[in-house]
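Student: Got a file for you: start09.csv, CSV, C-alpha atoms and all ligand atoms.
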chain,number,residue,atom,x,y,z
A,1,MET,CA,-19.8,-32.6,87.2
A,2,LYS,CA,-16.5,-34.0,88.5
A,3,LEU,CA,-16.5,-37.6,89.5
A,4,ALA,CA,-14.2,-39.9,91.4
A,5,LEU,CA,-14.8,-43.2,89.6
A,6,ILE,CA,-14.0,-46.4,91.4
A,7,GLY,CA,-14.3,-49.6,89.4
A,8,PHE,CA,-14.7,-52.7,91.6
A,9,GLY,CA,-13.9,-56.1,90.1
A,10,GLN,CA,-13.3,-57.0,86.5
A,11,ALA,CA,-16.4,-55.4,84.9
A,12,GLY,CA,-16.1,-52.3,87.1
A,13,GLY,CA,-12.4,-51.8,86.2
A,14,LYS,CA,-13.1,-52.2,82.5
A,15,VAL,CA,-16.0,-49.8,82.5
A,16,VAL,CA,-13.9,-47.2,84.4
A,17,ASP,CA,-11.1,-47.8,81.9
A,18,HIS,CA,-13.6,-47.0,79.1
A,19,PHE,CA,-14.8,-43.9,81.0
A,20,LEU,CA,-11.3,-42.5,81.2
A,21,ALA,CA,-10.8,-43.0,77.4
A,22,TYR,CA,-14.2,-41.5,76.7
A,23,ASP,CA,-13.7,-38.4,78.9
A,24,ASP,CA,-10.4,-37.8,77.0
A,25,ALA,CA,-12.0,-38.3,73.6
A,26,ILE,CA,-14.8,-35.9,74.1
A,27,ASP,CA,-12.8,-33.6,76.3
A,28,GLY,CA,-15.5,-33.9,78.8
A,29,GLY,CA,-13.7,-33.1,82.0
A,30,PHE,CA,-16.1,-35.1,84.1
A,31,VAL,CA,-13.5,-37.6,85.5
A,32,GLU,CA,-11.5,-36.2,88.4
A,33,SER,CA,-9.9,-39.5,89.0
A,34,GLY,CA,-10.3,-43.2,88.0
A,35,LEU,CA,-9.4,-46.1,90.3
A,36,ALA,CA,-9.7,-49.8,89.9
A,37,VAL,CA,-10.0,-52.3,92.8
A,38,ASN,CA,-9.7,-56.0,92.3
A,39,THR,CA,-8.7,-59.3,94.0
A,40,ALA,CA,-7.3,-60.6,90.7
A,41,THR,CA,-4.0,-59.2,89.6
A,42,THR,CA,-4.4,-60.3,86.0
A,43,ASP,CA,-7.6,-58.2,85.7
A,44,LEU,CA,-5.8,-55.1,86.9
A,45,GLN,CA,-2.9,-55.7,84.5
A,46,GLY,CA,-5.4,-55.8,81.6
A,47,LEU,CA,-6.5,-52.2,82.1
A,48,GLU,CA,-5.1,-49.5,79.7
A,49,HIS,CA,-6.1,-46.1,81.0
A,50,VAL,CA,-6.3,-46.4,84.8
A,51,PRO,CA,-2.8,-45.3,86.0
A,52,GLN,CA,-0.7,-48.0,87.8
A,53,SER,CA,-0.8,-46.0,91.0
A,54,HIS,CA,-4.6,-46.1,90.9
A,55,ARG,CA,-4.9,-49.9,90.7
A,56,VAL,CA,-5.5,-51.5,94.1
A,57,CYS,CA,-5.1,-55.3,94.6
A,58,ILE,CA,-7.0,-56.4,97.8
A,59,GLY,CA,-7.3,-59.7,99.5
A,60,GLN,CA,-3.7,-60.8,99.0
A,61,ALA,CA,-3.7,-62.6,102.4
A,62,ARG,CA,-6.9,-64.5,101.5
A,63,VAL,CA,-6.7,-65.2,97.8
A,64,ASN,CA,-3.2,-64.2,96.8
A,65,GLY,CA,-4.1,-62.2,93.7
A,66,HIS,CA,-6.2,-65.0,92.2
A,67,GLY,CA,-9.7,-63.5,92.6
A,68,VAL,CA,-12.7,-64.8,94.7
A,69,GLY,CA,-14.3,-67.0,92.0
A,70,ALA,CA,-17.8,-65.5,91.9
A,71,ASP,CA,-18.1,-65.8,95.7
A,72,ASN,CA,-19.6,-62.4,96.6
A,73,GLU,CA,-19.7,-63.1,100.3
A,74,LEU,CA,-15.9,-63.5,100.1
A,75,GLY,CA,-15.7,-60.4,97.9
A,76,ALA,CA,-17.5,-58.4,100.7
A,77,GLU,CA,-15.3,-59.9,103.5
A,78,VAL,CA,-12.1,-59.1,101.6
A,79,ALA,CA,-13.3,-55.5,100.9
A,80,GLU,CA,-14.1,-55.0,104.6
A,81,THR,CA,-10.7,-56.3,105.7
A,82,ASP,CA,-8.8,-54.3,103.2
A,83,ILE,CA,-10.8,-51.1,103.2
A,84,ASP,CA,-7.8,-49.1,104.4
A,85,GLU,CA,-5.8,-50.0,101.3
A,86,ILE,CA,-8.6,-48.7,99.1
A,87,GLN,CA,-8.9,-45.6,101.3
A,88,HIS,CA,-5.1,-44.9,100.9
A,89,ALA,CA,-5.6,-44.8,97.1
A,90,ILE,CA,-8.7,-42.6,97.4
A,91,ASP,CA,-6.7,-40.2,99.7
A,92,ARG,CA,-4.6,-39.4,96.7
A,93,ILE,CA,-7.6,-37.9,94.9
A,94,PRO,CA,-8.0,-34.1,95.5
A,95,ASN,CA,-11.2,-34.5,97.4
A,96,HIS,CA,-12.3,-30.8,97.2
A,97,GLU,CA,-12.5,-31.1,93.4
A,98,VAL,CA,-14.9,-34.1,93.5
A,99,ASP,CA,-18.7,-33.5,93.2
A,100,ALA,CA,-19.6,-37.2,93.6
A,101,PHE,CA,-18.3,-40.7,93.8
A,102,LEU,CA,-19.4,-43.3,91.3
A,103,VAL,CA,-18.7,-46.9,92.3
A,104,VAL,CA,-19.0,-49.2,89.3
A,105,ALA,CA,-19.4,-53.0,89.4
A,106,GLY,CA,-20.8,-56.0,87.6
A,107,MET,CA,-23.3,-57.4,90.1
A,108,GLY,CA,-23.2,-61.0,89.0
A,109,GLY,CA,-19.6,-61.8,89.9
A,110,GLY,CA,-17.7,-62.0,93.2
A,111,THR,CA,-15.3,-59.1,93.8
A,112,GLY,CA,-17.4,-56.2,92.5
A,113,SER,CA,-20.7,-57.8,93.5
A,114,GLY,CA,-19.6,-58.2,97.2
A,115,GLY,CA,-17.1,-55.3,97.4
A,116,ALA,CA,-18.9,-52.4,95.8
A,117,PRO,CA,-21.7,-52.2,98.5
A,118,VAL,CA,-19.0,-52.4,101.2
A,119,LEU,CA,-17.0,-49.5,99.6
A,120,ALA,CA,-20.2,-47.4,99.1
A,121,LYS,CA,-21.1,-47.8,102.8
A,122,HIS,CA,-17.6,-46.7,103.8
A,123,LEU,CA,-17.5,-43.7,101.4
A,124,LYS,CA,-20.8,-42.5,102.7
A,125,ARG,CA,-19.5,-42.6,106.3
A,126,ILE,CA,-16.4,-40.6,105.4
A,127,TYR,CA,-17.4,-38.0,102.7
A,128,THR,CA,-20.1,-35.4,102.4
A,129,GLN,CA,-20.4,-35.8,98.6
A,130,PRO,CA,-23.1,-38.1,97.2
A,131,VAL,CA,-22.1,-41.7,96.5
A,132,TYR,CA,-23.6,-43.2,93.4
A,133,GLY,CA,-23.5,-46.8,92.2
A,134,LEU,CA,-23.4,-48.0,88.6
A,135,GLY,CA,-24.5,-51.6,88.7
A,136,VAL,CA,-24.3,-53.9,85.7
A,137,LEU,CA,-26.8,-56.8,85.7
A,138,PRO,CA,-25.8,-60.2,84.3
A,139,ALA,CA,-27.4,-61.5,81.1
A,140,THR,CA,-30.0,-64.2,81.9
A,141,ASP,CA,-28.0,-67.0,80.2
A,142,GLU,CA,-25.1,-66.5,82.6
A,143,GLY,CA,-26.6,-69.0,85.0
A,144,GLY,CA,-28.2,-69.2,88.4
A,145,ILE,CA,-25.2,-68.3,90.5
A,146,TYR,CA,-24.7,-65.0,88.7
A,147,THR,CA,-28.4,-64.2,89.0
A,148,LEU,CA,-28.4,-65.0,92.7
A,149,ASN,CA,-25.2,-62.9,93.2
A,150,ALA,CA,-26.8,-60.0,91.4
A,151,ALA,CA,-30.0,-60.2,93.3
A,152,ARG,CA,-28.3,-60.2,96.6
A,153,SER,CA,-25.8,-57.5,95.6
A,154,PHE,CA,-28.6,-55.3,94.2
A,155,ARG,CA,-30.5,-55.4,97.4
A,156,THR,CA,-27.4,-54.4,99.4
A,157,PHE,CA,-25.9,-51.9,96.9
A,158,VAL,CA,-29.1,-49.9,96.4
A,159,ARG,CA,-29.4,-49.5,100.2
A,160,GLU,CA,-25.8,-48.2,100.5
A,161,VAL,CA,-25.7,-45.6,97.7
A,162,ASP,CA,-27.5,-42.3,97.2
A,163,ASN,CA,-28.7,-43.6,93.8
A,164,LEU,CA,-28.1,-46.8,91.9
A,165,LEU,CA,-27.8,-46.3,88.1
A,166,VAL,CA,-28.4,-49.6,86.4
A,167,PHE,CA,-27.3,-51.1,83.2
A,168,ASP,CA,-28.7,-54.5,82.1
A,169,ASN,CA,-26.3,-56.6,80.0
A,170,GLU,CA,-29.3,-58.7,78.9
A,171,VAL,CA,-30.9,-56.0,76.9
A,172,TRP,CA,-27.7,-54.9,75.2
A,173,ARG,CA,-26.1,-58.1,74.0
A,174,SER,CA,-26.1,-59.1,70.3
A,175,ALA,CA,-26.4,-62.6,68.9
A,176,GLY,CA,-23.3,-64.0,67.3
A,177,GLU,CA,-20.8,-61.7,69.2
A,178,SER,CA,-17.9,-63.1,71.1
A,179,VAL,CA,-18.1,-62.4,74.8
A,180,GLU,CA,-15.1,-60.1,74.8
A,181,GLY,CA,-16.0,-58.3,71.6
A,182,GLY,CA,-19.5,-58.0,73.0
A,183,TYR,CA,-18.4,-56.4,76.3
A,184,ASP,CA,-16.2,-54.0,74.5
A,185,ARG,CA,-19.1,-52.7,72.5
A,186,ILE,CA,-21.5,-52.8,75.5
A,187,ASN,CA,-18.9,-50.9,77.6
A,188,ARG,CA,-18.8,-48.1,75.0
A,189,GLU,CA,-22.6,-47.9,75.1
A,190,ILE,CA,-22.4,-47.6,78.9
A,191,VAL,CA,-19.8,-44.8,79.0
A,192,GLU,CA,-21.4,-42.9,76.2
A,193,ARG,CA,-24.7,-42.6,78.0
A,194,PHE,CA,-23.5,-42.1,81.5
A,195,GLY,CA,-20.5,-40.1,80.4
A,196,LEU,CA,-22.5,-37.6,78.4
A,197,LEU,CA,-24.9,-37.1,81.3
A,198,PHE,CA,-22.0,-36.3,83.7
A,199,ALA,CA,-20.1,-34.3,81.1
A,200,ALA,CA,-23.2,-32.2,80.6
A,201,GLY,CA,-23.0,-31.0,84.2
A,202,GLU,CA,-19.4,-30.0,83.7
A,203,VAL,CA,-19.9,-27.2,81.1
A,204,GLY,CA,-18.8,-23.9,82.6
A,205,HIS,CA,-21.1,-20.9,82.7
A,206,GLY,CA,-18.7,-19.0,80.4
A,207,ASP,CA,-19.6,-21.4,77.6
A,208,HIS,CA,-22.3,-21.3,75.0
A,209,VAL,CA,-26.0,-20.5,75.8
A,210,ALA,CA,-25.0,-20.6,79.4
A,211,GLU,CA,-28.5,-19.9,80.8
A,212,SER,CA,-30.0,-23.2,79.6
A,213,VAL,CA,-27.0,-25.4,80.2
A,214,VAL,CA,-27.4,-28.3,82.6
A,215,ASP,CA,-25.8,-27.7,86.0
A,216,SER,CA,-24.2,-30.4,88.2
A,217,SER,CA,-26.8,-29.5,90.9
A,218,GLU,CA,-29.6,-30.5,88.5
A,219,ILE,CA,-28.1,-34.0,88.1
A,220,ILE,CA,-27.5,-34.3,91.8
A,221,ASN,CA,-31.1,-33.2,92.6
A,222,THR,CA,-32.5,-35.6,90.0
A,223,LEU,CA,-30.6,-38.4,91.6
A,224,SER,CA,-31.2,-37.4,95.2
A,225,GLY,CA,-34.1,-39.1,96.8
A,226,GLY,CA,-32.5,-42.5,96.2
A,227,GLY,CA,-33.7,-45.6,94.5
A,228,ILE,CA,-32.7,-46.7,91.0
A,229,SER,CA,-32.2,-44.9,87.8
A,230,THR,CA,-32.1,-45.7,84.1
A,231,ILE,CA,-31.0,-43.7,81.0
A,232,GLY,CA,-32.3,-43.4,77.5
A,233,TYR,CA,-30.4,-41.9,74.6
A,234,ALA,CA,-31.3,-41.1,71.0
A,235,THR,CA,-29.4,-39.2,68.3
A,236,GLU,CA,-29.8,-37.8,64.8
A,237,THR,CA,-27.2,-36.7,62.3
A,238,VAL,CA,-27.5,-33.1,61.2
A,239,GLU,CA,-25.6,-31.1,58.6
A,240,THR,CA,-23.0,-28.7,59.9
A,241,ASP,CA,-19.7,-27.4,58.6
A,242,GLY,CA,-18.0,-29.5,61.2
A,243,SER,CA,-17.4,-26.6,63.6
A,244,GLY,CA,-20.9,-26.8,65.0
A,245,LEU,CA,-21.9,-23.9,62.8
A,246,LEU,CA,-24.4,-24.1,60.0
A,247,SER,CA,-23.0,-24.9,56.6
A,248,SER,CA,-23.1,-21.8,54.4
A,249,PHE,CA,-24.2,-24.0,51.5
A,250,THR,CA,-27.4,-25.1,53.1
A,251,GLY,CA,-29.3,-21.8,53.2
A,252,SER,CA,-32.6,-23.4,54.0
A,253,ASP,CA,-31.1,-25.8,56.6
A,254,ASP,CA,-33.4,-26.2,59.5
A,255,GLY,CA,-30.6,-25.1,61.9
A,256,PHE,CA,-32.0,-21.6,61.5
A,257,ASP,CA,-35.5,-22.9,61.4
A,258,ASP,CA,-36.6,-22.9,65.0
A,259,GLY,CA,-39.7,-25.0,64.3
A,260,SER,CA,-37.7,-27.9,62.9
A,261,ALA,CA,-35.1,-27.7,65.7
A,262,THR,CA,-37.9,-27.8,68.2
A,263,ASN,CA,-39.6,-30.7,66.6
A,264,ARG,CA,-36.3,-32.6,66.2
A,265,LEU,CA,-35.5,-32.2,69.9
A,266,THR,CA,-39.0,-33.1,71.0
A,267,SER,CA,-39.0,-36.3,69.0
A,268,LEU,CA,-35.5,-37.2,70.2
A,269,VAL,CA,-36.7,-37.0,73.8
A,270,ARG,CA,-39.6,-39.3,72.9
A,271,LYS,CA,-37.3,-41.7,71.1
A,272,ALA,CA,-34.8,-41.7,74.0
A,273,THR,CA,-37.5,-42.4,76.6
A,274,LEU,CA,-39.5,-45.0,74.6
A,275,GLY,CA,-36.5,-46.7,73.0
A,276,ARG,CA,-33.9,-49.0,74.7
A,277,LEU,CA,-33.2,-47.9,78.2
A,278,THR,CA,-30.1,-49.0,80.2
A,279,LEU,CA,-32.7,-50.8,82.4
A,280,SER,CA,-36.2,-51.4,81.0
A,281,CYS,CA,-39.0,-50.1,83.2
A,282,ASP,CA,-42.4,-48.6,83.1
A,283,VAL,CA,-41.6,-45.0,82.4
A,284,SER,CA,-44.7,-43.8,84.2
A,285,SER,CA,-43.3,-45.1,87.5
A,286,ALA,CA,-40.4,-42.6,87.5
A,287,ASP,CA,-40.4,-40.2,90.4
A,288,ARG,CA,-38.0,-37.6,88.9
A,289,GLY,CA,-36.4,-37.0,85.5
A,290,LEU,CA,-33.8,-35.0,83.6
A,291,VAL,CA,-33.8,-34.2,79.9
A,292,VAL,CA,-30.5,-33.1,78.3
A,293,ALA,CA,-30.2,-32.0,74.7
A,294,THR,CA,-26.7,-32.5,73.2
A,295,GLY,CA,-25.1,-31.3,70.0
A,296,PRO,CA,-23.9,-28.3,68.0
A,297,PRO,CA,-25.1,-25.1,69.8
A,298,ARG,CA,-26.9,-23.8,66.7
A,299,LYS,CA,-29.0,-26.9,66.6
A,300,LEU,CA,-30.2,-26.7,70.2
A,301,ASN,CA,-33.1,-24.5,71.2
A,302,ARG,CA,-34.8,-23.9,74.4
A,303,LYS,CA,-38.2,-24.5,73.2
A,304,GLY,CA,-37.3,-28.0,72.0
A,305,VAL,CA,-35.9,-28.9,75.4
A,306,GLU,CA,-38.9,-27.4,77.1
A,307,ARG,CA,-41.4,-29.3,74.9
A,308,GLY,CA,-39.5,-32.5,75.5
A,309,ARG,CA,-39.5,-31.8,79.2
A,310,GLN,CA,-43.2,-31.2,79.3
A,311,TRP,CA,-43.9,-34.3,77.3
A,312,LEU,CA,-41.9,-36.3,79.9
A,313,GLU,CA,-43.9,-34.6,82.7
A,314,ASP,CA,-47.1,-35.9,81.0
A,315,GLU,CA,-45.6,-39.3,80.5
A,316,THR,CA,-44.4,-39.8,84.0
A,317,GLY,CA,-47.0,-37.7,85.9
A,318,SER,CA,-44.0,-36.3,87.8
A,319,MET,CA,-43.7,-32.6,88.5
A,320,GLU,CA,-40.0,-33.0,89.1
A,321,ILE,CA,-38.7,-33.1,85.5
A,322,ARG,CA,-35.7,-30.9,84.8
A,323,GLY,CA,-34.2,-29.9,81.5
A,324,GLY,CA,-31.2,-28.2,79.9
A,325,ASP,CA,-28.6,-28.6,77.2
A,326,TYR,CA,-25.1,-29.6,76.7
A,327,PRO,CA,-23.6,-27.8,73.7
A,328,ILE,CA,-20.9,-29.8,71.9
A,329,THR,CA,-19.0,-27.9,69.2
A,330,GLY,CA,-17.4,-29.8,66.3
A,331,GLY,CA,-19.9,-32.7,66.0
A,332,ASN,CA,-22.8,-33.3,63.6
A,333,GLU,CA,-25.1,-35.2,65.9
A,334,VAL,CA,-28.0,-33.8,67.9
A,335,GLY,CA,-29.1,-36.0,70.8
A,336,ALA,CA,-31.3,-36.3,73.8
A,337,ILE,CA,-30.4,-38.0,77.1
A,338,VAL,CA,-33.2,-38.8,79.4
A,339,LEU,CA,-32.5,-39.8,83.0
A,340,LEU,CA,-35.4,-41.4,84.8
A,341,SER,CA,-34.9,-41.6,88.5
A,342,GLY,CA,-36.7,-43.4,91.3
A,343,VAL,CA,-38.3,-45.9,89.0
A,344,THR,CA,-40.3,-48.5,90.8
A,345,ASP,CA,-42.1,-50.6,88.2
A,346,VAL,CA,-39.1,-52.7,86.9
A,347,PRO,CA,-40.2,-56.3,85.8
A,348,ARG,CA,-36.5,-57.2,85.2
A,349,ILE,CA,-35.6,-56.7,88.9
A,350,ASP,CA,-38.6,-58.7,90.0
A,351,GLN,CA,-37.5,-61.5,87.6
A,352,LEU,CA,-33.9,-61.3,88.8
A,353,GLN,CA,-35.1,-61.7,92.4
A,354,GLN,CA,-37.4,-64.5,91.5
A,355,VAL,CA,-34.7,-66.5,89.6
A,356,GLY,CA,-32.3,-65.7,92.4
A,357,ILE,CA,-34.6,-67.2,95.0
A,358,GLU,CA,-35.1,-70.3,92.9
A,359,ALA,CA,-31.4,-70.6,92.4
A,360,LYS,CA,-30.8,-70.4,96.1
A,361,GLU,CA,-33.4,-73.0,96.9
A,362,THR,CA,-32.1,-75.4,94.2
A,363,THR,CA,-28.5,-74.9,95.4
A,364,GLU,CA,-29.6,-75.8,99.0
A,365,GLU,CA,-31.5,-78.8,97.9
A,366,VAL,CA,-28.7,-80.1,95.7
A,367,ARG,CA,-26.2,-79.5,98.5
A,368,ALA,CA,-28.4,-81.4,101.0
A,369,SER,CA,-29.0,-84.3,98.7
A,370,ALA,CA,-25.3,-84.4,97.7
A,371,GLU,CA,-24.4,-84.7,101.4
A,372,ASP,CA,-26.9,-87.5,101.9
A,373,GLU,CA,-25.7,-89.3,98.8
A,374,PHE,CA,-22.1,-89.0,99.9
A,375,ALA,CA,-22.9,-90.2,103.4
A,376,SER,CA,-24.6,-93.3,101.9
A,377,LEU,CA,-21.7,-93.8,99.5
A,378,VAL,CA,-19.1,-94.1,102.3
A,379,ASP,CA,-21.4,-95.9,104.7
A,380,THR,CA,-20.7,-99.6,104.9
A,381,GLY,CA,-23.3,-100.3,107.6
A,382,GLY,CA,-20.6,-100.7,110.3
A,383,GLU,CA,-18.8,-103.5,108.4
A,384,LEU,CA,-15.7,-101.5,107.8
A,385,ASP,CA,-13.7,-99.2,110.2
A,386,ALA,CA,-11.9,-96.1,109.1
A,387,LEU,CA,-8.2,-96.1,109.7
A,388,PHE,CA,-8.3,-93.3,112.2
B,1,LIG,P1,-15.7,-59.8,89.6
B,1,LIG,O1,-14.4,-59.5,88.9
B,1,LIG,O2,-15.6,-61.0,90.5
B,1,LIG,O3,-16.3,-58.7,90.2
B,1,LIG,O4,-16.7,-60.3,88.4
B,1,LIG,P2,-16.8,-59.8,86.9
B,1,LIG,O5,-16.8,-58.3,86.9
B,1,LIG,O6,-15.8,-60.5,86.1
B,1,LIG,O7,-18.2,-60.3,86.4
B,1,LIG,C1,-19.4,-59.9,87.0
B,1,LIG,C2,-20.4,-59.8,85.9
B,1,LIG,O8,-20.1,-58.6,85.2
B,1,LIG,C3,-20.5,-60.9,84.9
B,1,LIG,O9,-21.5,-61.8,85.3
B,1,LIG,C4,-21.0,-60.2,83.7
B,1,LIG,O10,-22.4,-60.0,83.7
B,1,LIG,C5,-20.5,-58.8,83.8
B,1,LIG,N1,-19.3,-58.4,83.0
B,1,LIG,C6,-18.0,-58.9,83.1
B,1,LIG,N2,-17.2,-58.2,82.3
B,1,LIG,C7,-17.9,-57.2,81.8
B,1,LIG,C8,-17.7,-56.1,80.9
B,1,LIG,O11,-16.5,-55.9,80.5
B,1,LIG,N3,-18.7,-55.3,80.6
B,1,LIG,C9,-20.0,-55.5,81.1
B,1,LIG,N4,-20.9,-54.7,80.7
B,1,LIG,N5,-20.3,-56.5,81.9
B,1,LIG,C10,-19.3,-57.3,82.2
As structure tokens - that is how I would like this structure written.

Tutor:
Amino acid sequence: MKLALIGFGQAGGKVVDHFLAYDDAIDGGFVESGLAVNTATTDLQGLEHVPQSHRVCIGQARVNGHGVGADNELGAEVAETDIDEIQHAIDRIPNHEVDAFLVVAGMGGGTGSGGAPVLAKHLKRIYTQPVYGLGVLPATDEGGIYTLNAARSFRTFVREVDNLLVFDNEVWRSAGESVEGGYDRINREIVERFGLLFAAGEVGHGDHVAESVVDSSEIINTLSGGGISTIGYATETVETDGSGLLSSFTGSDDGFDDGSATNRLTSLVRKATLGRLTLSCDVSSADRGLVVATGPPRKLNRKGVERGRQWLEDETGSMEIRGGDYPITGGNEVGAIVLLSGVTDVPRIDQLQQVGIEAKETTEEVRASAEDEFASLVDTGGELDALF
């Protein structure tokens, strides 16, 4: 499906930048247009793939290109004030080509955390297409203010979008990695998962095995109904001649063996679901789901997707699990993407909210006592007068 991607803030811009590179690399065709909005000019300058004309610097009057310093209330105010500037940039996207909007932001900062929900609300008022959010949660060691920002932004963002796709930095970081190097790797993980999902809905009906290919309407239907979503992904390397066709030297290769292909796909669906999700949750709490098998057309079979789909039905107890495939010629990996939508049992969100509440209370207490202490510091018991 064709997306208008809008990255809000630093993380949002960088992820959109990665989406553009990924779409090019896999020839996915799922990006209609990629925009980046920020209050900090240096962040916009650091992007590589978002065209200059698609970079929008807002809040010049308030912050003069210097960012909002993790103040997400200011981020929201600035977005509201300068919404017309963002709209001008969106006006340049051929709207009739767009199946959905995807607003991407790190939820722990200021610009994206505050601005993304404001933009989502605006887009929903103007356009008939669905507006999705992709929200990145901060790692737990980033500190109270980031957690509080994320908890407040989450509450607002999820209300304003048709569905909030969530990625949790906490689960995806690795020990010993530099912050920048870490984000680079994490951003590639993000765009691979969400990119493959959206690219899957972009395969034309003239392509391979058209009848079982995932359609954009299946993605939209899985996401409709709101709430939050998470994605699992698992792959396995298979032998091919590089064109997606079976190597002529491996006569007994399981590519022609339907049973093995079926088993492989079914086990990939399990691995994707029970392995690392973009946001950990109790899978049985999912309301809807979508299973997409990816890889060389000869390695995909209908039965495998169907078995995987049925397994997910049993696992979630949901009757609304869709399935299909996304044939990719030229690769040697078979994979399964599992989209779980409308998940409600998410301990990480409960924890985020709890820590956010504690951070808010502590901040208020510290502020109140700092005010008292300062008052007593300057108080001379009436012995000294101020100059004026
Ligand atoms: P903003 O520019 O004020 O919106 O704030 P940032 O986007 O810089 O930061 C918000 C949060 O996003 C941080 O707390 C991090 O958790 C996360 N973050 C920042 N940069 C990246 C990135 O490149 N990738 C990912 N996955 N997360 C990031």

Student: For A:Ile145, find every residue with an atom within 9 Å (counting all atoms listed in the file), except residues of its own chain fewer than 2 positions away, and show them as a ChimeraX atom specification.

Tutor: /A:70,108-109,142-143,147-150,356,359-360,363

Student: Which of these residues is nearest to ligand LIG 1 (chain B), using all atoms listed in the file: A:Val131, A:Leu196, A:Ile190, A:Leu352?

Tutor: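 Nearest candidate to ligand LIG 1 (chain B) out of A:Val131, A:Leu196, A:Ile190, A:Leu352: A:Ile190.
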
Student: Would you be able to write out as a VMD selection string which residues have an atom within 8 Å of (-36.9, -39.7, 73.8) in the file's coordinates, counting all atoms listed in the file?

Tutor: chain A and resid 232 to 234 266 to 275 308 336 to 338

Student: Given a cut-off of 6 Å, what residues near ligand LIG 1 (chain B) show up using only C-alpha atoms and all ligand atoms, put as JSON, numbers by chain?

Tutor: {"A": [9, 10, 11, 14, 70, 106, 107, 108, 109, 110, 111, 112, 113, 137, 138, 139, 146, 169, 183, 186, 187]}

Student: Please identify all polymer residues within 9 Å of A:Ser217, counting all atoms listed in the file, omitting same-chain residues fewer than 3 positions from it, and present them as JSON, numbers by chain.

Tutor: {"A": [1, 201, 214, 220, 221, 222]}

Student: From the set A:Ala200, A:Val366, A:Ala386, A:Leu339, which residue has the shortest atom-to-atom contact distance to A:Ile26, counting all atoms listed in the file?

Tutor: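 Among the listed residues, A:Ala200 lies closest to A:Ile26.
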
Student: In Å, with one decimal, what is the gap from atom CA of A:Ser153 to atom CA of A:Gly75?

Tutor: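 Result for atom CA of A:Ser153 versus atom CA of A:Gly75: 10.8 Å, one decimal.
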
Student: Looking at only C-alpha atoms, which of A:Arg298, A:Arg322, A:Lys2, A:Arg288 is the one that sits closest to A:Asp99?

Tutor: A:Lys2

Student: With distances taken over all atoms listed in the file, which of A:Asn72, A:Asn38, A:Thr237, A:Asn263 is nearest to A:Val305?

Tutor: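 That would be A:Asn263, the residue with the smallest distance to A:Val305.
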
Student: Tell me which of A:Gly133, A:Ser216, A:Gly195, A:Asp184 sits closest to A:Val98, counting all atoms listed in the file.

Tutor: A:Ser216

Student: Can you tell me which residues surround A:Glu97 at a distance of at most 12 Å, considering only C-alpha atoms, apart from same-chain residues fewer than 4 positions away, and format the answer as a PDB file with C-alpha atoms, in the frame of the given file?

Tutor:
ATOM      1  CA  MET A   1     -19.800 -32.600  87.200  1.00  0.00           C
ATOM      2  CA  LYS A   2     -16.500 -34.000  88.500  1.00  0.00           C
ATOM      3  CA  LEU A   3     -16.500 -37.600  89.500  1.00  0.00           C
ATOM      4  CA  ALA A   4     -14.200 -39.900  91.400  1.00  0.00           C
ATOM      5  CA  GLY A  29     -13.700 -33.100  82.000  1.00  0.00           C
ATOM      6  CA  PHE A  30     -16.100 -35.100  84.100  1.00  0.00           C
ATOM      7  CA  VAL A  31     -13.500 -37.600  85.500  1.00  0.00           C
ATOM      8  CA  GLU A  32     -11.500 -36.200  88.400  1.00  0.00           C
ATOM      9  CA  SER A  33      -9.900 -39.500  89.000  1.00  0.00           C
ATOM     10  CA  ARG A  92      -4.600 -39.400  96.700  1.00  0.00           C
ATOM     11  CA  ILE A  93      -7.600 -37.900  94.900  1.00  0.00           C
ATOM     12  CA  PHE A 101     -18.300 -40.700  93.800  1.00  0.00           C
ATOM     13  CA  GLN A 129     -20.400 -35.800  98.600  1.00  0.00           C
ATOM     14  CA  GLU A 202     -19.400 -30.000  83.700  1.00  0.00           C
TER      15      GLU A 202
END
